[in-house]
Structure formats: C-alpha cells, structure tokens
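Notes for the one structure printed next.
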Amino acid sequence: MATNRLLVVDDEDTICEVLKLNLELAGYEVDTANSAEAAMKLPLAEYDLFIIDVMMGEMNGFDFASKIRATDELKEIPIIICTAKDSEEDLLDGFSRGIDDYIKKPFSVRELVVRIKSVLRRAKGGSDAAEAALSCKTLVLNADKKLCTIDGEEVALTKKEFEILRLFLQNKGRIFSREEILSKVWEDDVLVIDRTIDVNINRLRKKLKQYGNNIITKLGYGYGFKD
C-alpha cells in the first residue's frame with residue numbers, strides 16, 4: 001500500500017518539526033511549510049492531506065483552505081485545520097470553506113493521527129469504515145454495533161438519541177435546524193413537533209454526562225456538536 005503524503009503548514013518551526021517527526025513515525029510521508037505562501041509554491045496536487053494552522057502571517061489557514069477548494073486539481077484533497085480558535089462562528093466559517101475536520105490546540109499527536117486516519121478513509125470512499133467508530137475523546141459511538149460508550153462504559157441511548165448523536169459526530173461544528181434533524185432522524189410519515197427534538201436533546205445531554213456540554217445550542221438556529 002502506498003504511503004500517504006501529508007503537508008503540514010504552520011508558522012512555528014517547532015510545531016512543524018514535532019509533527020513531521022511523529023507523523024513519519026506513524027507511517028506517513030511528511031513535508032512542511034511555514035506559511036500559506038510558501039506552501040503554494042509546492043506541488044500541492046501530490047499530497048493526500050493538508051494539515052493547516054489557522055493563525056499564520058499574511059494569509060491565514062481559512063483563506064488558504066478557500067484557495068485550495070477553489071482549485072480544481074486540489075478541491076478533493078482533505079483538509080484538517082489546527083486552531084486555538086474554537087468559537088462556533090470560527091468553526092462554522094471553517095466548515096463553510098470546505099475543511100474536513102479540525103483539531104483544537106493544544107492537541108496530542110495521537111489524537112491527530114486518529115483524525116488523519118478517519119479523514120483519509122472518508123476521502124477514499126470508506127464511509128462505512130469511518131462511520132463504524134465516531135468519537136470525541138473518550139466518548140465513542142460504534143455505528144456497526146449500535147453502541148455508545150464513555151470511558152469504556154456503555155451509555156444506554158434510545159434509537160433516536162443514538163441517531164441524533166451520530167448525526168452530530170459525523171458533522172462536528174455544524175449547526176442543524178430542528179427541521180433538518182427531523183428530516184434526517186425521523187421517518188417522513190411520522191408526525192413530530194419541534195418540542196420532541198428539544199426533549200431528545202435534553203435527555204441526550206444528561207446521558208452524555210461530561211460530554212453533554214459539547215452539544216451546543218445556537219439560539220434561533222438549532223443544535224450541533226463541538227469538540
């Protein structure tokens with residue numbers, strides 16, 4: 001199997017060096033660039049995934065992501081954003097520009113490797129495999145086994161709660177309106193009121209314990225999930 005080639009773009013030399021060393025130990029071929037401008041001089045189409053810092057010099061990571069998505073030969077290459085900015089607005093901005101995932105600084109290399117593997121699987125059409133295990137730290141949702149665990153302990157969820165959580169974990173950072181949640185989780189021929197969504201969200205928050213606060217409410221818009 002060919003080795004995946006990654007490009008790390010960060011204006012801090014130390015971060016580039018640490019990520020290059022550790023990701024190469026994880027089996028990847030890794031190049032680095034200290035700015036978006038420097039990265040644009042590289043043969044970008046030869047990479048399988050970009051790992052981009054947000055806060056850089058003249059061109060920030062979000063703007064660089066937009067340029068990548070606007071280039072035909074690059075638009076299908078997945079992007080992971082590394083950011084210390086984790087407000088809903090920042091994350092929504094990033095996803096609107098076409099990023100595939102984000103990781104909040106400071107992060108462990110182990111977590112980054114897990115995200116890289118997941119994003120690469122999805123990019124290669126392995127949606128079923130990628131969906132088999134969705135996670136947020138010690139919260140794990142196994143779609144194949146229909147099992148939710150926290151710290152290895154099973155969390156008893158109803159079918160609707162499970163489907164709502166799966167929807168959120170598949171689309172971290174995205175805000176879903178009640179109507180969107182209804183259309184994706186409930187059957188078309190079932191009459192459900194908006195209050196039903198709120199009740200299920202409240203129950204889900206309680207069951208997820210320390211992860212309940214990861215389910216966010218955007219007043220006037222709906223619900224989502226944030227790492």
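We name chains A, B, ... following the order of the structure tokens; residues begin at 1 in each chain, and ligands are numbered from 1 as shown.
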
**OP:** Give the strand (DSSP E) residues of range 43-211 of chain A, as assigned by DSSP on the backbone, as a PyMOL selection string.
**Re:** chain A and resi 49-53+79-83+101-104+133-136+139-142+147-150+153-154+175-176

Produce a table with one row for each residue of range 84-176 of chain A that has an atom at most 12 Å from any atom of range 23-28 of chain A, each row naming the nearest atom pair and its distance in Å at one decimal; use only C-alpha atoms; arrange rows by chain and rising residue number; format as a tab-separated table.
residue	atom	partner	partner_atom	distance
A:Ser108	CA	A:Leu23	CA	11.5
A:Val109	CA	A:Leu23	CA	7.8
A:Arg110	CA	A:Ala26	CA	9.2
A:Glu111	CA	A:Leu23	CA	11.4
A:Leu112	CA	A:Leu23	CA	9.0
A:Val113	CA	A:Leu23	CA	7.4
A:Val114	CA	A:Ala26	CA	10.5
A:Ile116	CA	A:Leu23	CA	9.9
A:Lys117	CA	A:Tyr28	CA	10.5
A:Leu120	CA	A:Tyr28	CA	11.8

Keeping only N, CA, C and O atoms, write those residues as a PDB file, in the first residue's frame.
ATOM      1  N   SER A 108      -2.846  16.317  21.196  1.00  0.00           N
ATOM      2  CA  SER A 108      -1.853  15.237  21.219  1.00  0.00           C
ATOM      3  C   SER A 108      -1.664  14.724  19.798  1.00  0.00           C
ATOM      4  O   SER A 108      -2.597  14.747  18.976  1.00  0.00           O
ATOM      5  N   VAL A 109      -0.468  14.268  19.504  1.00  0.00           N
ATOM      6  CA  VAL A 109      -0.197  13.689  18.187  1.00  0.00           C
ATOM      7  C   VAL A 109      -1.069  12.458  17.980  1.00  0.00           C
ATOM      8  O   VAL A 109      -1.538  12.195  16.872  1.00  0.00           O
ATOM      9  N   ARG A 110      -1.313  11.720  19.053  1.00  0.00           N
ATOM     10  CA  ARG A 110      -2.157  10.527  18.953  1.00  0.00           C
ATOM     11  C   ARG A 110      -3.548  10.879  18.452  1.00  0.00           C
ATOM     12  O   ARG A 110      -4.110  10.188  17.591  1.00  0.00           O
ATOM     13  N   GLU A 111      -4.132  11.956  18.999  1.00  0.00           N
ATOM     14  CA  GLU A 111      -5.455  12.380  18.545  1.00  0.00           C
ATOM     15  C   GLU A 111      -5.412  12.807  17.091  1.00  0.00           C
ATOM     16  O   GLU A 111      -6.319  12.500  16.306  1.00  0.00           O
ATOM     17  N   LEU A 112      -4.346  13.531  16.708  1.00  0.00           N
ATOM     18  CA  LEU A 112      -4.221  13.977  15.320  1.00  0.00           C
ATOM     19  C   LEU A 112      -4.144  12.783  14.378  1.00  0.00           C
ATOM     20  O   LEU A 112      -4.774  12.779  13.307  1.00  0.00           O
ATOM     21  N   VAL A 113      -3.387  11.757  14.744  1.00  0.00           N
ATOM     22  CA  VAL A 113      -3.257  10.571  13.896  1.00  0.00           C
ATOM     23  C   VAL A 113      -4.614   9.901  13.701  1.00  0.00           C
ATOM     24  O   VAL A 113      -4.956   9.471  12.590  1.00  0.00           O
ATOM     25  N   VAL A 114      -5.414   9.825  14.770  1.00  0.00           N
ATOM     26  CA  VAL A 114      -6.756   9.235  14.664  1.00  0.00           C
ATOM     27  C   VAL A 114      -7.602  10.035  13.666  1.00  0.00           C
ATOM     28  O   VAL A 114      -8.304   9.463  12.830  1.00  0.00           O
ATOM     29  N   ILE A 116      -6.511  11.976  11.232  1.00  0.00           N
ATOM     30  CA  ILE A 116      -5.954  11.803   9.889  1.00  0.00           C
ATOM     31  C   ILE A 116      -6.461  10.509   9.265  1.00  0.00           C
ATOM     32  O   ILE A 116      -6.914  10.484   8.115  1.00  0.00           O
ATOM     33  N   LYS A 117      -6.408   9.422  10.031  1.00  0.00           N
ATOM     34  CA  LYS A 117      -6.866   8.133   9.514  1.00  0.00           C
ATOM     35  C   LYS A 117      -8.341   8.193   9.129  1.00  0.00           C
ATOM     36  O   LYS A 117      -8.744   7.677   8.077  1.00  0.00           O
ATOM     37  N   LEU A 120      -8.825  10.392   5.936  1.00  0.00           N
ATOM     38  CA  LEU A 120      -8.326   9.704   4.747  1.00  0.00           C
ATOM     39  C   LEU A 120      -9.252   8.570   4.337  1.00  0.00           C
ATOM     40  O   LEU A 120      -9.473   8.339   3.148  1.00  0.00           O
TER      41      LEU A 120
END

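Across the structure, CA of Phe64 in chain A and CA of Val9 in chain A are spaced 9.9 Å apart.
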
Subject >> Surrounding residues of Tyr221 in chain A excluding itself and chain neighbours under 4 positions, 10 Å, only C-alpha atoms, as a list in words >> reply: Ile175, Phe176, Ser177, Arg178 and Thr217 of chain A

Once you have the residues from the selection above, write them out as a PDB file, in the first residue's frame, restricted to all heavy atoms.
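Dumped to again-v1.pdb:
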ATOM      1  N   ILE A 175     -24.230  23.368  12.639  1.00  0.00           N
ATOM      2  CA  ILE A 175     -25.489  23.585  13.353  1.00  0.00           C
ATOM      3  C   ILE A 175     -26.651  23.080  12.493  1.00  0.00           C
ATOM      4  O   ILE A 175     -26.783  23.476  11.332  1.00  0.00           O
ATOM      5  CB  ILE A 175     -25.700  25.078  13.689  1.00  0.00           C
ATOM      6  CG1 ILE A 175     -24.561  25.595  14.563  1.00  0.00           C
ATOM      7  CG2 ILE A 175     -27.048  25.282  14.383  1.00  0.00           C
ATOM      8  CD1 ILE A 175     -24.446  24.915  15.910  1.00  0.00           C
ATOM      9  N   PHE A 176     -27.466  22.210  13.073  1.00  0.00           N
ATOM     10  CA  PHE A 176     -28.632  21.676  12.373  1.00  0.00           C
ATOM     11  C   PHE A 176     -29.898  22.324  12.924  1.00  0.00           C
ATOM     12  O   PHE A 176     -30.080  22.421  14.141  1.00  0.00           O
ATOM     13  CB  PHE A 176     -28.743  20.159  12.568  1.00  0.00           C
ATOM     14  CG  PHE A 176     -27.700  19.367  11.845  1.00  0.00           C
ATOM     15  CD1 PHE A 176     -26.505  19.039  12.467  1.00  0.00           C
ATOM     16  CD2 PHE A 176     -27.906  18.948  10.544  1.00  0.00           C
ATOM     17  CE1 PHE A 176     -25.539  18.305  11.811  1.00  0.00           C
ATOM     18  CE2 PHE A 176     -26.949  18.208   9.868  1.00  0.00           C
ATOM     19  CZ  PHE A 176     -25.755  17.888  10.504  1.00  0.00           C
ATOM     20  N   SER A 177     -30.765  22.741  12.034  1.00  0.00           N
ATOM     21  CA  SER A 177     -32.063  23.250  12.474  1.00  0.00           C
ATOM     22  C   SER A 177     -32.907  22.077  12.944  1.00  0.00           C
ATOM     23  O   SER A 177     -32.613  20.906  12.642  1.00  0.00           O
ATOM     24  CB  SER A 177     -32.775  23.960  11.321  1.00  0.00           C
ATOM     25  OG  SER A 177     -33.146  23.022  10.315  1.00  0.00           O
ATOM     26  N   ARG A 178     -33.988  22.367  13.682  1.00  0.00           N
ATOM     27  CA  ARG A 178     -34.877  21.294  14.116  1.00  0.00           C
ATOM     28  C   ARG A 178     -35.451  20.556  12.905  1.00  0.00           C
ATOM     29  O   ARG A 178     -35.629  19.336  12.933  1.00  0.00           O
ATOM     30  CB  ARG A 178     -36.002  21.870  14.984  1.00  0.00           C
ATOM     31  CG  ARG A 178     -35.543  22.373  16.352  1.00  0.00           C
ATOM     32  CD  ARG A 178     -36.712  22.965  17.127  1.00  0.00           C
ATOM     33  NE  ARG A 178     -36.342  23.395  18.470  1.00  0.00           N
ATOM     34  CZ  ARG A 178     -35.789  24.570  18.735  1.00  0.00           C
ATOM     35  NH1 ARG A 178     -35.531  25.420  17.740  1.00  0.00           N
ATOM     36  NH2 ARG A 178     -35.486  24.908  19.974  1.00  0.00           N
ATOM     37  N   THR A 217     -26.217  24.791  21.609  1.00  0.00           N
ATOM     38  CA  THR A 217     -27.465  25.386  21.124  1.00  0.00           C
ATOM     39  C   THR A 217     -27.154  26.727  20.499  1.00  0.00           C
ATOM     40  O   THR A 217     -26.528  27.588  21.126  1.00  0.00           O
ATOM     41  CB  THR A 217     -28.459  25.603  22.281  1.00  0.00           C
ATOM     42  OG1 THR A 217     -28.720  24.357  22.930  1.00  0.00           O
ATOM     43  CG2 THR A 217     -29.763  26.194  21.761  1.00  0.00           C
TER      44      THR A 217
END

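Comparing the minimum interatomic distances between Ser96 in chain A and each of A:Leu21, A:Ala65, A:Leu219, A:Val199, counting only C-alpha atoms, we find that A:Ala65 sits nearest.
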
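If you look at CA of Ile197 in chain A and CA of Gly212 in chain A, they are 15.4 Å away from each other.
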
**OP:** Using DSSP on the backbone coordinates, identify all residues within range 113-177 of chain A classified as helix (DSSP H, G or I); present the result as a PyMOL selection string.
**Re:** chain A and resi 113-123+127-132+159-170

Original post:
Of the residues A:Leu91, A:Gly98, A:Cys82, A:Phe168, which is the one nearest to Lys184 in chain A, using only C-alpha atoms?
Top reply: A:Phe168

**OP:** Determine, counting only C-alpha atoms, which protein, DNA and RNA residues have an atom within 7 Å of an atom of range 11-16 of chain A; residues of the same chain fewer than 5 positions away are not included. Present the result as a PyMOL selection string.
**Re:** chain A and resi 32+34-35+56

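Closest to Thr196 in chain A among A:Leu157, A:Cys148, A:Leu92, A:Leu182 is A:Leu182, based on only C-alpha atoms.
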
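Closest approach to Val119 in chain A among A:Asp93, A:Asp53, A:Glu180, A:Glu76: A:Glu76, based on only C-alpha atoms.
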
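From CA of Trp186 in chain A back to CA of Arg121 in chain A, the distance works out to 27.8 Å.
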